[in-house]
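Notes for the one structure printed next.
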Amino acid sequence: MRIDVRGLSFEGDIGGPDSGQTAVLLHGFPQNRQMWDRVAPRLEAADIRTIAYDQRGYSPGARPEEVSAYDIRECVADLIAVLDALSVESAHVVGHDWGAYVAWHAAGEYPERVRSVTAVSVPHPAAMATAIRGDADQQARSSYIALFRQAGKAEAILLDADGARLRGMYRSVEPERVERYVAPMLEPGALTAALNWYRALDFASSSLGQIRCPSTLIWGDDDPAIGRVAAESCAHYVGADFRFVALEGVDHWIPDEHPEVVAEEVLARIRLAHPHP
């Protein structure tokens with residue numbers, strides 16, 4: 001379906017019951033809402049309403065040209081506007097990669113709208129910023145960001161040979177799933193819009209304070225982009241019930257490869273927030 005908010009048009013999928021608890025599923029780079037197609041049905045089977053949409057830059061109708069339009073505050077404002085448009089007072093926000101950044105910021109800036117956070121792969125932005133500043137391992141893992149911030153050069157490298165390097169990022173994800181993510185990135189302007197998220201953010205600095213809602217971080221210890229120091233320090237930035245789920249031998253693409261784990265952790269979060277009498 002199409003969700004029109006803030007002068008933009010987002011492509012989205014909604015499933016599950018019309019009432020009850022809602023989980024918003026936010027994708028990251030370089031994916032789209034289809035990454036949740038193994039998670040959403042598990043949530044819906046437990047009577048959870050799910051909302052997944054292609055975020056700013058990924059929906060063709062929500063692709064402004066200016067780098068400043070991809071400031072994380074704009075991406076958070078999109079989420080709040082989507083909740084408003086769908087008459088959702090508050091939701092459990094689940095995010096992977098950049099979607100996790102949006103989830104953390106939404107919880108910090110609009111605490112009344114976010115009932116819980118389940119972040120997949122990416123910890124609290126301040127945990128990331130601290131690790132990038134002071135941890136040599138994380139500095140090495142984050143070195144790709146410098147390339148992604150170079151307009152033109154990053155696109156040329158990632159789009160060369162019909163997106164061979166984009167495909168190579170997915171490592172163990174099934175080829176047919178990889179194509180559903182890479183094909184949209186090959187469309188004119190799409191990759192630049194996705195990379196603008198990197199170009200609009202200072203990764204070594206974060207003003208986001210402590211999160212006050214119950215939160216979970218799911219992290220794979222074989223993630224090439226996120227090291228253990230950043231992941232384990234996430235707990236310091238959550239002033240509420242926090243659960244750290246470290247998956248041994250698991251890569252970055254957790255919702256694709258281990259959707260059952262993601263769904264179970266989201267449902268556990270929701271049950272803690274809304275226990276049965």
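Simple scheme: letters A, B, ... for chains in structure tokens order, numbers from 1 for residues in each chain, numbers from 1 for ligands in the order shown.
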### Query
Hey, what's within 7 Å of Asp223 (chain A) if we count only C-alpha atoms and toss same-chain stuff fewer than 3 positions away? As JSON, numbers by chain, please?
{"A": [220, 226, 250, 251, 252]}
### Task
May I have all residues of region 135-208 of chain A that DSSP, computed from the backbone, assigns to alpha helix (DSSP H), given as a VMD selection string?
chain A and resid 136 to 141 144 to 148 153 to 168 175 to 185 190 to 199
Let me see the file: selected residues, N, CA and C atoms, as a compact mmCIF listing (two decimals), in the first residue's frame.
```txt
# COMPACT_ATOMS: atom_id res chain seq x y z
N ALA A 136 40.04 0.63 18.33
CA ALA A 136 40.73 0.42 17.06
C ALA A 136 40.00 -0.60 16.19
N ASP A 137 39.45 -1.62 16.83
CA ASP A 137 38.73 -2.64 16.06
C ASP A 137 37.51 -2.03 15.38
N GLN A 138 36.74 -1.22 16.11
CA GLN A 138 35.55 -0.60 15.51
C GLN A 138 35.94 0.41 14.45
N GLN A 139 37.03 1.12 14.65
CA GLN A 139 37.51 2.06 13.64
C GLN A 139 37.79 1.33 12.33
N ALA A 140 38.41 0.16 12.42
CA ALA A 140 38.68 -0.62 11.21
C ALA A 140 37.39 -1.12 10.58
N ARG A 141 36.46 -1.58 11.40
CA ARG A 141 35.18 -2.09 10.89
C ARG A 141 34.37 -0.98 10.21
N TYR A 144 34.69 1.62 6.00
CA TYR A 144 33.93 1.70 4.75
C TYR A 144 33.08 2.97 4.69
N ILE A 145 32.75 3.53 5.84
CA ILE A 145 31.87 4.71 5.87
C ILE A 145 32.51 5.88 5.13
N ALA A 146 33.84 6.01 5.24
CA ALA A 146 34.53 7.09 4.55
C ALA A 146 34.30 7.02 3.05
N LEU A 147 34.29 5.81 2.50
CA LEU A 147 33.98 5.65 1.07
C LEU A 147 32.53 6.01 0.79
N PHE A 148 31.62 5.51 1.60
CA PHE A 148 30.19 5.74 1.36
C PHE A 148 29.85 7.22 1.38
N LYS A 153 32.01 8.70 -6.13
CA LYS A 153 32.98 7.61 -6.07
C LYS A 153 32.33 6.34 -5.50
N ALA A 154 31.57 6.50 -4.42
CA ALA A 154 30.92 5.34 -3.82
C ALA A 154 29.95 4.69 -4.79
N GLU A 155 29.17 5.52 -5.47
CA GLU A 155 28.21 4.98 -6.44
C GLU A 155 28.93 4.23 -7.55
N ALA A 156 30.03 4.80 -8.06
CA ALA A 156 30.76 4.16 -9.16
C ALA A 156 31.28 2.79 -8.74
N ILE A 157 31.82 2.72 -7.53
CA ILE A 157 32.39 1.45 -7.06
C ILE A 157 31.30 0.41 -6.80
N LEU A 158 30.24 0.83 -6.13
CA LEU A 158 29.19 -0.13 -5.76
C LEU A 158 28.35 -0.58 -6.95
N LEU A 159 28.22 0.29 -7.96
CA LEU A 159 27.39 -0.06 -9.13
C LEU A 159 28.18 -0.72 -10.25
N ASP A 160 29.51 -0.74 -10.12
CA ASP A 160 30.33 -1.36 -11.16
C ASP A 160 29.96 -2.84 -11.31
N ALA A 161 30.05 -3.30 -12.55
CA ALA A 161 29.76 -4.71 -12.86
C ALA A 161 28.38 -5.11 -12.38
N ASP A 162 27.40 -4.24 -12.68
CA ASP A 162 26.01 -4.52 -12.36
C ASP A 162 25.79 -4.76 -10.87
N GLY A 163 26.49 -3.97 -10.07
CA GLY A 163 26.30 -4.05 -8.63
C GLY A 163 26.97 -5.23 -7.95
N ALA A 164 28.11 -5.66 -8.51
CA ALA A 164 28.78 -6.84 -7.96
C ALA A 164 29.18 -6.65 -6.50
N ARG A 165 29.67 -5.47 -6.15
CA ARG A 165 30.08 -5.25 -4.76
C ARG A 165 28.88 -5.17 -3.82
N LEU A 166 27.77 -4.65 -4.31
CA LEU A 166 26.56 -4.67 -3.49
C LEU A 166 26.16 -6.12 -3.19
N ARG A 167 26.18 -6.94 -4.21
CA ARG A 167 25.82 -8.34 -4.00
C ARG A 167 26.78 -9.03 -3.05
N GLY A 168 28.06 -8.66 -3.15
CA GLY A 168 29.06 -9.28 -2.30
C GLY A 168 28.90 -8.97 -0.83
N PRO A 175 20.78 -16.15 -2.88
CA PRO A 175 20.85 -15.28 -4.07
C PRO A 175 19.52 -14.63 -4.45
N GLU A 176 18.43 -15.38 -4.33
CA GLU A 176 17.14 -14.80 -4.73
C GLU A 176 16.73 -13.67 -3.80
N ARG A 177 17.11 -13.75 -2.54
CA ARG A 177 16.82 -12.66 -1.61
C ARG A 177 17.74 -11.47 -1.89
N VAL A 178 18.98 -11.76 -2.24
CA VAL A 178 19.91 -10.68 -2.56
C VAL A 178 19.38 -9.84 -3.71
N GLU A 179 18.83 -10.48 -4.72
CA GLU A 179 18.34 -9.76 -5.90
C GLU A 179 17.20 -8.81 -5.56
N ARG A 180 16.37 -9.18 -4.60
CA ARG A 180 15.24 -8.29 -4.24
C ARG A 180 15.73 -7.02 -3.58
N TYR A 181 16.96 -7.05 -3.05
CA TYR A 181 17.54 -5.87 -2.45
C TYR A 181 18.41 -5.08 -3.44
N VAL A 182 19.15 -5.80 -4.27
CA VAL A 182 20.08 -5.13 -5.19
C VAL A 182 19.35 -4.50 -6.36
N ALA A 183 18.36 -5.17 -6.92
CA ALA A 183 17.69 -4.64 -8.11
C ALA A 183 17.16 -3.23 -7.92
N PRO A 184 16.48 -2.90 -6.82
CA PRO A 184 16.02 -1.52 -6.64
C PRO A 184 17.16 -0.51 -6.52
N MET A 185 18.31 -0.94 -6.00
CA MET A 185 19.45 -0.04 -5.85
C MET A 185 20.08 0.33 -7.20
N ALA A 190 18.61 5.78 -6.89
CA ALA A 190 18.26 5.04 -5.67
C ALA A 190 19.46 4.86 -4.75
N LEU A 191 20.59 4.47 -5.30
CA LEU A 191 21.75 4.24 -4.45
C LEU A 191 22.25 5.54 -3.82
N THR A 192 22.24 6.62 -4.58
CA THR A 192 22.64 7.91 -4.02
C THR A 192 21.75 8.28 -2.84
N ALA A 193 20.46 8.09 -2.98
CA ALA A 193 19.54 8.40 -1.88
C ALA A 193 19.85 7.55 -0.66
N ALA A 194 20.12 6.28 -0.87
CA ALA A 194 20.44 5.39 0.25
C ALA A 194 21.75 5.80 0.92
N LEU A 195 22.74 6.17 0.12
CA LEU A 195 24.03 6.58 0.66
C LEU A 195 23.95 7.94 1.36
N ASN A 196 22.96 8.73 1.02
CA ASN A 196 22.82 10.04 1.66
C ASN A 196 22.56 9.92 3.16
N TRP A 197 22.06 8.78 3.61
CA TRP A 197 21.92 8.56 5.05
C TRP A 197 23.30 8.65 5.70
N TYR A 198 24.30 8.05 5.06
CA TYR A 198 25.67 8.10 5.59
C TYR A 198 26.25 9.51 5.50
N ARG A 199 25.90 10.21 4.45
CA ARG A 199 26.48 11.53 4.21
C ARG A 199 25.88 12.60 5.11
```
#### Entry: Pick from A:Gly16, A:Ser68, A:Ser121, A:Ala129, whichever lies nearest to Val262 (chain A) using only C-alpha atoms
A:Ser121
### Task
Write out as a PyMOL selection string which residues come within 12 Å of His124 (chain A) when counting only C-alpha atoms, dropping same-chain ones fewer than 5 positions away.
chain A and resi 95-108+117-119+129-131+203+205-211+215-218+226+230-239+242+244
### Task
Would you work out the distance separating CA of Ala127 (chain A) from CA of Trp253 (chain A), expressed in Å to one decimal?
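Result for CA of Ala127 (chain A) versus CA of Trp253 (chain A): 20.2 Å, one decimal.
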### Query
With only C-alpha atoms as the basis for distance, which of A:Ile72, A:Ala23, A:Ala77, A:Ala126 is at the shortest distance from Ser90 (chain A)?
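Closest to Ser90 (chain A) of all the choices is A:Ala23.
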### Message
Residues near Trp219 (chain A), anyone? I mean within 7 Å using only C-alpha atoms, not counting same-chain ones fewer than 4 positions away, as an MDAnalysis selection string.
### Response
chainID A and resid 120:121 245:247
### Task
Would you please give, as a ChimeraX atom specification, all residues of region 177-259 of chain A that DSSP assigns to strand (DSSP E) based on the backbone?
/A:215-220,242-247
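The nearest approach to Leu86 (chain A) among the residues A:Pro259, A:Pro214, A:Gly12, A:Gly189, with only C-alpha atoms taken into account, belongs to A:Gly12.
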### Computed interatomic separation between CA of Asp54 (chain A) and CA of Pro224 (chain A) (Å)
24.3 Å
### Task
Report the distance between CA of Val94 (chain A) and CA of Leu25 (chain A) in Å, rounded to one decimal place.
4.9 Å
### Message
Under the rule that only C-alpha atoms are counted, which of A:Asp4, A:Asp13, A:Asp78, A:Glu65 is the nearest residue to Ile51 (chain A)?
### Response
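Counting only C-alpha atoms, the residue closest to Ile51 (chain A) is A:Asp13.
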### Task
Rank nothing, just name the residue among A:Arg42, A:His27, A:Arg115, A:Arg228 nearest to Ala273 (chain A), using only C-alpha atoms.
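Checking each candidate against Ala273 (chain A), we get A:Arg115 as the closest.
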